[in-house]
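Asker: Got run_2.pdb for you, PDB, C-alpha atoms and all ligand atoms:
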```pdb
ATOM      1  CA  MET A   1     118.473 -19.526  56.696  1.00  0.00           C
ATOM      2  CA  GLU A   2     117.297 -22.825  58.106  1.00  0.00           C
ATOM      3  CA  TYR A   3     114.929 -21.795  60.839  1.00  0.00           C
ATOM      4  CA  GLY A   4     112.334 -24.461  60.174  1.00  0.00           C
ATOM      5  CA  LYS A   5     109.957 -22.654  57.799  1.00  0.00           C
ATOM      6  CA  THR A   6     109.296 -25.544  55.460  1.00  0.00           C
ATOM      7  CA  THR A   7     108.958 -28.061  58.278  1.00  0.00           C
ATOM      8  CA  SER A   8     106.546 -25.753  60.109  1.00  0.00           C
ATOM      9  CA  ILE A   9     104.418 -25.374  56.982  1.00  0.00           C
ATOM     10  CA  GLY A  10     104.181 -29.157  56.735  1.00  0.00           C
ATOM     11  CA  LYS A  11     103.126 -29.387  60.363  1.00  0.00           C
ATOM     12  CA  ILE A  12     100.554 -26.589  60.068  1.00  0.00           C
ATOM     13  CA  ALA A  13      99.150 -28.060  56.846  1.00  0.00           C
ATOM     14  CA  SER A  14      98.775 -31.436  58.532  1.00  0.00           C
ATOM     15  CA  ARG A  15      96.970 -29.890  61.483  1.00  0.00           C
ATOM     16  CA  LEU A  16      94.572 -28.014  59.190  1.00  0.00           C
ATOM     17  CA  LYS A  17      93.973 -31.136  57.159  1.00  0.00           C
ATOM     18  CA  LYS A  18      93.061 -33.066  60.293  1.00  0.00           C
ATOM     19  CA  ASP A  19      90.596 -30.275  61.077  1.00  0.00           C
ATOM     20  CA  GLY A  20      88.951 -31.059  57.747  1.00  0.00           C
ATOM     21  CA  LYS A  21      90.373 -28.153  55.761  1.00  0.00           C
ATOM     22  CA  LYS A  22      91.458 -28.318  52.155  1.00  0.00           C
ATOM     23  CA  VAL A  23      94.982 -26.921  51.956  1.00  0.00           C
ATOM     24  CA  VAL A  24      97.063 -25.571  49.061  1.00  0.00           C
ATOM     25  CA  ILE A  25     100.770 -24.858  49.522  1.00  0.00           C
ATOM     26  CA  ALA A  26     102.720 -22.457  47.284  1.00  0.00           C
ATOM     27  CA  ALA A  27     106.369 -23.318  46.737  1.00  0.00           C
ATOM     28  CA  ALA A  28     107.551 -19.723  46.616  1.00  0.00           C
ATOM     29  CA  ASP A  29     111.080 -20.492  47.770  1.00  0.00           C
ATOM     30  CA  THR A  30     112.307 -20.857  44.215  1.00  0.00           C
ATOM     31  CA  PHE A  31     115.993 -20.219  44.848  1.00  0.00           C
ATOM     32  CA  ARG A  32     116.872 -23.869  45.243  1.00  0.00           C
ATOM     33  CA  ALA A  33     115.249 -26.834  43.522  1.00  0.00           C
ATOM     34  CA  ALA A  34     115.907 -28.819  46.700  1.00  0.00           C
ATOM     35  CA  ALA A  35     113.686 -26.442  48.655  1.00  0.00           C
ATOM     36  CA  VAL A  36     110.751 -27.256  46.387  1.00  0.00           C
ATOM     37  CA  GLU A  37     111.427 -30.991  46.645  1.00  0.00           C
ATOM     38  CA  GLN A  38     111.544 -30.794  50.416  1.00  0.00           C
ATOM     39  CA  LEU A  39     108.265 -28.876  50.522  1.00  0.00           C
ATOM     40  CA  GLU A  40     106.685 -31.411  48.207  1.00  0.00           C
ATOM     41  CA  ILE A  41     107.578 -34.227  50.600  1.00  0.00           C
ATOM     42  CA  TRP A  42     105.883 -32.308  53.406  1.00  0.00           C
ATOM     43  CA  ALA A  43     102.825 -31.544  51.248  1.00  0.00           C
ATOM     44  CA  ASN A  44     102.456 -35.261  50.512  1.00  0.00           C
ATOM     45  CA  ARG A  45     102.782 -36.199  54.167  1.00  0.00           C
ATOM     46  CA  ALA A  46     100.138 -33.631  55.089  1.00  0.00           C
ATOM     47  CA  ASP A  47      97.934 -34.573  52.128  1.00  0.00           C
ATOM     48  CA  ALA A  48      97.932 -31.007  50.803  1.00  0.00           C
ATOM     49  CA  THR A  49      98.129 -29.790  47.196  1.00  0.00           C
ATOM     50  CA  ILE A  50     101.378 -28.136  46.168  1.00  0.00           C
ATOM     51  CA  VAL A  51     101.736 -25.491  43.449  1.00  0.00           C
ATOM     52  CA  LYS A  52     105.302 -25.392  42.176  1.00  0.00           C
ATOM     53  CA  ARG A  53     107.276 -24.010  39.263  1.00  0.00           C
ATOM     54  CA  ASN A  54     110.857 -24.339  38.068  1.00  0.00           C
ATOM     55  CA  GLU A  55     113.792 -23.167  40.126  1.00  0.00           C
ATOM     56  CA  GLY A  56     114.382 -19.458  39.563  1.00  0.00           C
ATOM     57  CA  THR A  57     110.753 -18.609  38.763  1.00  0.00           C
ATOM     58  CA  ASP A  58     109.589 -15.284  40.193  1.00  0.00           C
ATOM     59  CA  PRO A  59     108.249 -16.278  43.646  1.00  0.00           C
ATOM     60  CA  ALA A  60     105.352 -13.826  43.343  1.00  0.00           C
ATOM     61  CA  SER A  61     104.167 -15.531  40.177  1.00  0.00           C
ATOM     62  CA  VAL A  62     104.137 -18.902  41.967  1.00  0.00           C
ATOM     63  CA  VAL A  63     101.969 -17.303  44.640  1.00  0.00           C
ATOM     64  CA  PHE A  64      99.709 -15.869  41.946  1.00  0.00           C
ATOM     65  CA  ASP A  65      99.234 -19.332  40.421  1.00  0.00           C
ATOM     66  CA  ALA A  66      98.623 -20.819  43.845  1.00  0.00           C
ATOM     67  CA  ILE A  67      95.933 -18.228  44.562  1.00  0.00           C
ATOM     68  CA  ARG A  68      94.196 -19.233  41.341  1.00  0.00           C
ATOM     69  CA  ALA A  69      94.432 -22.913  42.269  1.00  0.00           C
ATOM     70  CA  THR A  70      93.046 -22.140  45.719  1.00  0.00           C
ATOM     71  CA  LYS A  71      90.046 -20.375  44.221  1.00  0.00           C
ATOM     72  CA  GLU A  72      89.454 -22.927  41.463  1.00  0.00           C
ATOM     73  CA  THR A  73      89.506 -25.883  43.833  1.00  0.00           C
ATOM     74  CA  ASN A  74      87.600 -24.083  46.574  1.00  0.00           C
ATOM     75  CA  ALA A  75      90.382 -24.762  49.056  1.00  0.00           C
ATOM     76  CA  ASP A  76      90.065 -23.357  52.561  1.00  0.00           C
ATOM     77  CA  VAL A  77      93.648 -22.368  53.218  1.00  0.00           C
ATOM     78  CA  LEU A  78      96.641 -21.299  51.141  1.00  0.00           C
ATOM     79  CA  ILE A  79     100.070 -21.443  52.782  1.00  0.00           C
ATOM     80  CA  CYS A  80     103.031 -19.804  51.029  1.00  0.00           C
ATOM     81  CA  ASP A  81     106.564 -20.975  51.724  1.00  0.00           C
ATOM     82  CA  THR A  82     109.178 -18.303  51.067  1.00  0.00           C
ATOM     83  CA  ALA A  83     112.931 -18.246  50.811  1.00  0.00           C
ATOM     84  CA  GLY A  84     115.069 -17.782  53.885  1.00  0.00           C
ATOM     85  CA  ARG A  85     116.172 -14.220  53.923  1.00  0.00           C
ATOM     86  CA  LEU A  86     118.362 -12.032  56.014  1.00  0.00           C
ATOM     87  CA  HIS A  87     116.632  -8.822  56.883  1.00  0.00           C
ATOM     88  CA  ASN A  88     119.552  -6.794  55.541  1.00  0.00           C
ATOM     89  CA  LYS A  89     119.145  -8.230  52.048  1.00  0.00           C
ATOM     90  CA  LYS A  90     116.889  -5.624  50.558  1.00  0.00           C
ATOM     91  CA  TYR A  91     115.890  -7.449  47.396  1.00  0.00           C
ATOM     92  CA  LEU A  92     114.621 -10.343  49.414  1.00  0.00           C
ATOM     93  CA  MET A  93     112.540  -8.020  51.556  1.00  0.00           C
ATOM     94  CA  ASP A  94     111.191  -6.357  48.410  1.00  0.00           C
ATOM     95  CA  GLU A  95     110.166  -9.748  47.120  1.00  0.00           C
ATOM     96  CA  LEU A  96     108.230 -10.447  50.289  1.00  0.00           C
ATOM     97  CA  VAL A  97     106.448  -7.105  49.932  1.00  0.00           C
ATOM     98  CA  LYS A  98     105.561  -7.974  46.338  1.00  0.00           C
ATOM     99  CA  ILE A  99     104.097 -11.326  47.423  1.00  0.00           C
ATOM    100  CA  LYS A 100     102.042  -9.614  50.087  1.00  0.00           C
ATOM    101  CA  LYS A 101     100.698  -7.069  47.577  1.00  0.00           C
ATOM    102  CA  ILE A 102      99.536  -9.826  45.250  1.00  0.00           C
ATOM    103  CA  ILE A 103      97.768 -11.666  48.047  1.00  0.00           C
ATOM    104  CA  ASP A 104      96.103  -8.458  49.253  1.00  0.00           C
ATOM    105  CA  ARG A 105      94.981  -7.659  45.714  1.00  0.00           C
ATOM    106  CA  GLU A 106      93.776 -11.127  44.733  1.00  0.00           C
ATOM    107  CA  MET A 107      92.301 -12.211  48.056  1.00  0.00           C
ATOM    108  CA  PRO A 108      91.106  -8.958  49.638  1.00  0.00           C
ATOM    109  CA  ASP A 109      88.418 -10.548  51.799  1.00  0.00           C
ATOM    110  CA  CYS A 110      90.403 -13.468  53.160  1.00  0.00           C
ATOM    111  CA  CYS A 111      91.722 -13.798  56.658  1.00  0.00           C
ATOM    112  CA  LYS A 112      95.525 -13.526  56.472  1.00  0.00           C
ATOM    113  CA  GLU A 113      98.360 -14.443  58.746  1.00  0.00           C
ATOM    114  CA  ILE A 114     101.951 -13.422  58.153  1.00  0.00           C
ATOM    115  CA  LEU A 115     104.110 -15.636  60.312  1.00  0.00           C
ATOM    116  CA  ILE A 116     107.816 -15.348  60.905  1.00  0.00           C
ATOM    117  CA  VAL A 117     109.571 -18.577  61.774  1.00  0.00           C
ATOM    118  CA  LEU A 118     112.317 -18.220  64.361  1.00  0.00           C
ATOM    119  CA  ASP A 119     114.784 -20.756  65.643  1.00  0.00           C
ATOM    120  CA  ALA A 120     114.763 -20.725  69.440  1.00  0.00           C
ATOM    121  CA  THR A 121     118.414 -21.755  69.529  1.00  0.00           C
ATOM    122  CA  THR A 122     119.485 -18.435  67.977  1.00  0.00           C
ATOM    123  CA  GLY A 123     118.547 -16.473  71.075  1.00  0.00           C
ATOM    124  CA  GLN A 124     118.836 -12.723  70.978  1.00  0.00           C
ATOM    125  CA  ASN A 125     119.264 -12.597  67.210  1.00  0.00           C
ATOM    126  CA  ALA A 126     115.629 -13.604  66.875  1.00  0.00           C
ATOM    127  CA  ILE A 127     114.468 -10.403  68.503  1.00  0.00           C
ATOM    128  CA  SER A 128     116.145  -8.136  65.953  1.00  0.00           C
ATOM    129  CA  GLN A 129     114.736 -10.221  63.124  1.00  0.00           C
ATOM    130  CA  VAL A 130     111.209  -9.725  64.315  1.00  0.00           C
ATOM    131  CA  LYS A 131     111.780  -5.969  64.487  1.00  0.00           C
ATOM    132  CA  ALA A 132     112.977  -5.793  60.887  1.00  0.00           C
ATOM    133  CA  PHE A 133     110.155  -7.911  59.484  1.00  0.00           C
ATOM    134  CA  LYS A 134     107.461  -6.276  61.562  1.00  0.00           C
ATOM    135  CA  GLU A 135     108.176  -2.945  59.920  1.00  0.00           C
ATOM    136  CA  THR A 136     108.179  -4.356  56.400  1.00  0.00           C
ATOM    137  CA  VAL A 137     105.312  -6.806  56.206  1.00  0.00           C
ATOM    138  CA  ASP A 138     102.958  -6.356  59.162  1.00  0.00           C
ATOM    139  CA  LEU A 139     103.682  -9.640  60.886  1.00  0.00           C
ATOM    140  CA  THR A 140     100.735 -11.187  62.685  1.00  0.00           C
ATOM    141  CA  GLY A 141     102.509 -13.972  64.515  1.00  0.00           C
ATOM    142  CA  ILE A 142     105.593 -15.960  65.357  1.00  0.00           C
ATOM    143  CA  VAL A 143     106.365 -19.647  64.991  1.00  0.00           C
ATOM    144  CA  LEU A 144     109.178 -20.609  67.325  1.00  0.00           C
ATOM    145  CA  THR A 145     110.954 -23.785  66.285  1.00  0.00           C
ATOM    146  CA  LYS A 146     113.455 -26.151  67.886  1.00  0.00           C
ATOM    147  CA  LEU A 147     112.215 -25.591  71.394  1.00  0.00           C
ATOM    148  CA  ASP A 148     112.921 -29.286  71.947  1.00  0.00           C
ATOM    149  CA  GLY A 149     116.639 -28.848  71.532  1.00  0.00           C
ATOM    150  CA  THR A 150     117.345 -25.821  73.661  1.00  0.00           C
ATOM    151  CA  ALA A 151     117.181 -24.406  77.119  1.00  0.00           C
ATOM    152  CA  LYS A 152     116.772 -20.968  75.582  1.00  0.00           C
ATOM    153  CA  GLY A 153     112.977 -21.030  75.691  1.00  0.00           C
ATOM    154  CA  GLY A 154     113.168 -17.851  77.715  1.00  0.00           C
ATOM    155  CA  VAL A 155     113.942 -16.009  74.488  1.00  0.00           C
ATOM    156  CA  VAL A 156     110.218 -16.201  73.745  1.00  0.00           C
ATOM    157  CA  LEU A 157     109.473 -13.904  76.612  1.00  0.00           C
ATOM    158  CA  GLY A 158     111.905 -11.335  75.268  1.00  0.00           C
ATOM    159  CA  ILE A 159     110.464 -11.557  71.763  1.00  0.00           C
ATOM    160  CA  VAL A 160     106.920 -11.164  72.957  1.00  0.00           C
ATOM    161  CA  SER A 161     107.520  -8.361  75.419  1.00  0.00           C
ATOM    162  CA  GLU A 162     109.623  -6.311  72.993  1.00  0.00           C
ATOM    163  CA  ASN A 163     107.474  -6.701  69.911  1.00  0.00           C
ATOM    164  CA  ASN A 164     103.888  -7.281  70.871  1.00  0.00           C
ATOM    165  CA  ILE A 165     103.569 -10.041  68.319  1.00  0.00           C
ATOM    166  CA  PRO A 166     102.049 -13.280  69.583  1.00  0.00           C
ATOM    167  CA  VAL A 167     103.779 -16.637  69.390  1.00  0.00           C
ATOM    168  CA  LYS A 168     101.174 -18.825  67.675  1.00  0.00           C
ATOM    169  CA  PHE A 169     102.937 -22.158  67.312  1.00  0.00           C
ATOM    170  CA  ILE A 170     105.980 -23.832  68.749  1.00  0.00           C
ATOM    171  CA  GLY A 171     108.008 -26.543  67.051  1.00  0.00           C
ATOM    172  CA  VAL A 172     109.185 -29.306  69.341  1.00  0.00           C
ATOM    173  CA  GLY A 173     110.783 -31.794  66.972  1.00  0.00           C
ATOM    174  CA  GLU A 174     111.255 -32.864  63.378  1.00  0.00           C
ATOM    175  CA  GLN A 175     108.150 -35.020  62.967  1.00  0.00           C
ATOM    176  CA  ILE A 176     104.816 -33.924  61.530  1.00  0.00           C
ATOM    177  CA  ASP A 177     102.999 -33.849  64.864  1.00  0.00           C
ATOM    178  CA  ASP A 178     105.817 -32.078  66.709  1.00  0.00           C
ATOM    179  CA  MET A 179     104.053 -28.742  66.875  1.00  0.00           C
ATOM    180  CA  GLU A 180     101.946 -27.206  69.584  1.00  0.00           C
ATOM    181  CA  ILE A 181      99.674 -24.219  69.759  1.00  0.00           C
ATOM    182  CA  PHE A 182     101.415 -21.824  72.046  1.00  0.00           C
ATOM    183  CA  ASN A 183      99.797 -20.990  75.338  1.00  0.00           C
ATOM    184  CA  SER A 184     101.745 -18.162  76.953  1.00  0.00           C
ATOM    185  CA  GLU A 185     100.276 -18.681  80.409  1.00  0.00           C
ATOM    186  CA  GLU A 186     101.207 -22.346  80.516  1.00  0.00           C
ATOM    187  CA  PHE A 187     104.639 -21.490  79.188  1.00  0.00           C
ATOM    188  CA  VAL A 188     105.366 -18.844  81.765  1.00  0.00           C
ATOM    189  CA  ASN A 189     104.218 -21.164  84.527  1.00  0.00           C
ATOM    190  CA  ALA A 190     106.456 -23.915  83.196  1.00  0.00           C
ATOM    191  CA  ILE A 191     109.653 -21.888  83.138  1.00  0.00           C
ATOM    192  CA  ILE A 192     109.211 -19.857  86.301  1.00  0.00           C
TER
HETATM  193  N1  LIG B   1     114.650 -30.375  66.619  1.00  0.00           N
HETATM  194  C1  LIG B   1     113.898 -29.675  65.771  1.00  0.00           C
HETATM  195  N2  LIG B   1     114.289 -29.540  64.497  1.00  0.00           N
HETATM  196  C2  LIG B   1     113.506 -28.835  63.651  1.00  0.00           C
HETATM  197  C3  LIG B   1     112.297 -28.208  64.071  1.00  0.00           C
HETATM  198  N3  LIG B   1     111.767 -27.565  62.994  1.00  0.00           N
HETATM  199  C4  LIG B   1     112.604 -27.786  61.964  1.00  0.00           C
HETATM  200  N4  LIG B   1     113.661 -28.548  62.335  1.00  0.00           N
HETATM  201  C5  LIG B   1     114.820 -28.996  61.526  1.00  0.00           C
HETATM  202  O1  LIG B   1     115.531 -27.855  61.081  1.00  0.00           O
HETATM  203  C6  LIG B   1     116.102 -28.072  59.811  1.00  0.00           C
HETATM  204  C7  LIG B   1     115.711 -26.949  58.869  1.00  0.00           C
HETATM  205  O2  LIG B   1     114.310 -26.994  58.663  1.00  0.00           O
HETATM  206  P1  LIG B   1     113.612 -26.393  57.365  1.00  0.00           P
HETATM  207  O3  LIG B   1     112.156 -26.561  57.568  1.00  0.00           O
HETATM  208  O4  LIG B   1     114.217 -26.945  56.142  1.00  0.00           O
HETATM  209  O5  LIG B   1     114.004 -24.858  57.512  1.00  0.00           O
HETATM  210  P2  LIG B   1     113.876 -23.665  56.435  1.00  0.00           P
HETATM  211  O6  LIG B   1     115.184 -23.624  55.727  1.00  0.00           O
HETATM  212  O7  LIG B   1     113.652 -22.445  57.281  1.00  0.00           O
HETATM  213  O8  LIG B   1     112.731 -23.969  55.542  1.00  0.00           O
HETATM  214  C8  LIG B   1     115.608 -29.450  59.366  1.00  0.00           C
HETATM  215  O9  LIG B   1     116.609 -30.383  59.604  1.00  0.00           O
HETATM  216  C9  LIG B   1     114.387 -29.691  60.261  1.00  0.00           C
HETATM  217  O10 LIG B   1     114.162 -31.083  60.487  1.00  0.00           O
HETATM  218  C10 LIG B   1     111.911 -28.352  65.463  1.00  0.00           C
HETATM  219  O11 LIG B   1     110.901 -27.840  65.947  1.00  0.00           O
HETATM  220  N5  LIG B   1     112.761 -29.099  66.256  1.00  0.00           N
HETATM  221 MG    MG B   2     112.659 -23.986  53.481  1.00  0.00          MG
END
```
In structure tokens, how does this file's structure come out?
Answerer:
Amino acid sequence: MEYGKTTSIGKIASRLKKDGKKVVIAAADTFRAAAVEQLEIWANRADATIVKRNEGTDPASVVFDAIRATKETNADVLICDTAGRLHNKKYLMDELVKIKKIIDREMPDCCKEILIVLDATTGQNAISQVKAFKETVDLTGIVLTKLDGTAKGGVVLGIVSENNIPVKFIGVGEQIDDMEIFNSEEFVNAII
């Protein structure tokens, strides 16, 4: 599903890069060749290194290779893009669990974030998605995209109050700098 995952990864990579970090991106959405191409464009814009394999490659093996590249090049941050998945598609969930296991095994001492990217225009549906993913992969945060194109910003409040998972970034457009670090206090003040 097109929630803005790949775009958000490009924006986050760019932000990290500007902070002086060396960033590697794993193209673990291997279902469509176009997904890898799109990610590569973002990696170039952000000046990050991409690790990619052919369409159809086991996503977990792409992540494994990217972990090796991260270690070998002494990079500071590895970001893994994954395929869009509906939470009722069990094999896709299983794949996510497999990716997480590899990261936990290969990078046990690293600081990890598992972010779910939600499209603010989908409203209530976003809340049930967080529930499903929270149980499976221990989400640590939410990226809420497309807040520029909707009046449904109030959905954030519902997501946060029902799930106890913080919104870390918000997407406010399609360009590389169109992302903000979410400040819940400011946000509440703005919409009340
Ligand atoms: N207006 C707006 N569009 C966005 C935002 N984030 C992503 N998009 C657009 O949403 C579409 C899908 O984004 P993509 O990153 O490919 O989603 P993915 O399929 O989840 O990886 C693209 O056309 C993006 O330009 C945002 O914050 N605001
Ligand atoms: Mg994508």
Asker: Please expand the PyMOL selection byres (((not hetatm)) within 9 of (chain B and resi 2)) into the concrete residues it hits in this file, giving the result as number ranges by chain.
Answerer: A: 1-7, 29, 34-36, 38-39, 81-84
Asker: Identify, counting only C-alpha atoms and all ligand atoms, the protein, DNA and RNA residues located within 12 Å of ligand LIG 1 (chain B), and give them as a count of residues only.
Answerer: 60
Asker: Between CA of Ile165 (chain A) and CA of Thr140 (chain A), measure the distance and give it in Å to one decimal.
Answerer: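 Straight-line distance from CA of Ile165 (chain A) to CA of Thr140 (chain A) works out to 6.4 Å.
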Asker: CA of Ala60 (chain A) and CA of Lys98 (chain A), how far apart in Å?
Answerer: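 CA of Ala60 (chain A) lies 6.6 Å from CA of Lys98 (chain A).
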Asker: Within 10 Å of Asn74 (chain A), counting only C-alpha atoms, which residues qualify if same-chain residues fewer than 3 places away don't, as a PyMOL selection string?
Answerer: chain A and resi 22-24+68-71+77
Asker: Quick one: of A:Lys101, A:Arg15, A:Lys131, A:Lys21, who's nearest to Arg45 (chain A), counting all atoms listed in the file?
Answerer: A:Arg15
Asker: How many Å separate CA of Ala33 (chain A) from CA of Met93 (chain A)?
Answerer: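 Here the two named atoms are 20.6 Å from each other.
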Asker: Determine the nearest neighbour of Ile114 (chain A) from the options A:Thr136, A:Asn163, A:Asn44, A:Asn54, counting all atoms listed in the file.
Answerer: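 For Ile114 (chain A), the nearest of the candidates is A:Thr136.
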Asker: Enumerate, as number ranges by chain, the protein, DNA and RNA residues whose atoms approach (106.2, -21.7, 43.7) to within 6 Å, taking into account only C-alpha atoms and the coordinate frame of the file.
Answerer: A: 26-28, 51-53, 59, 62
Asker: Which residue out of A:Ile50, A:Ile142, A:Glu135, A:Lys17 has the minimum interatomic distance to Asp65 (chain A) when all atoms listed in the file are used?
Answerer: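 Using all atoms listed in the file, Asp65 (chain A) sits closest to A:Ile50.
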Asker: Once 5 Å is added on each side, what are the centre and the three edge lengths, in Å to one decimal, of the axis-aligned box enclosing the listed atoms of region 52-64 of chain A? Present them as JSON.
Answerer:
```
{"center_x": 107.0, "center_y": -19.6, "center_z": 41.4, "size_x": 24.7, "size_y": 21.6, "size_z": 16.6}
```
Asker: Which neighbours of Glu113 (chain A) fall inside 9 Å, counting all atoms listed in the file, when residues of the same chain fewer than 2 positions from it are skipped, and could you give them as a PyMOL selection string?
Answerer: chain A and resi 111+115+139-141
Asker: My list of candidates is A:Ile67, A:Ser184, A:Glu55, A:Asp94. Which is closest to Pro108 (chain A) when distances are computed with all atoms listed in the file?
Answerer: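 So, comparing all the options, the nearest one is A:Ile67.
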Asker: Point out the residue among A:Val63, A:Lys134, A:Ile181, A:Lys89 with the least atom-to-atom distance to Met107 (chain A), counting all atoms listed in the file.
Answerer: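 Among A:Val63, A:Lys134, A:Ile181, A:Lys89, it is A:Val63 that comes nearest to Met107 (chain A).
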Asker: For each of A:Val137, A:Ile103, A:Ile127, A:Leu92, take the minimum atom-to-atom distance to Asn164 (chain A), counting all atoms listed in the file, then give the residue where this is smallest.
Answerer: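 Closest candidate: A:Ile127.
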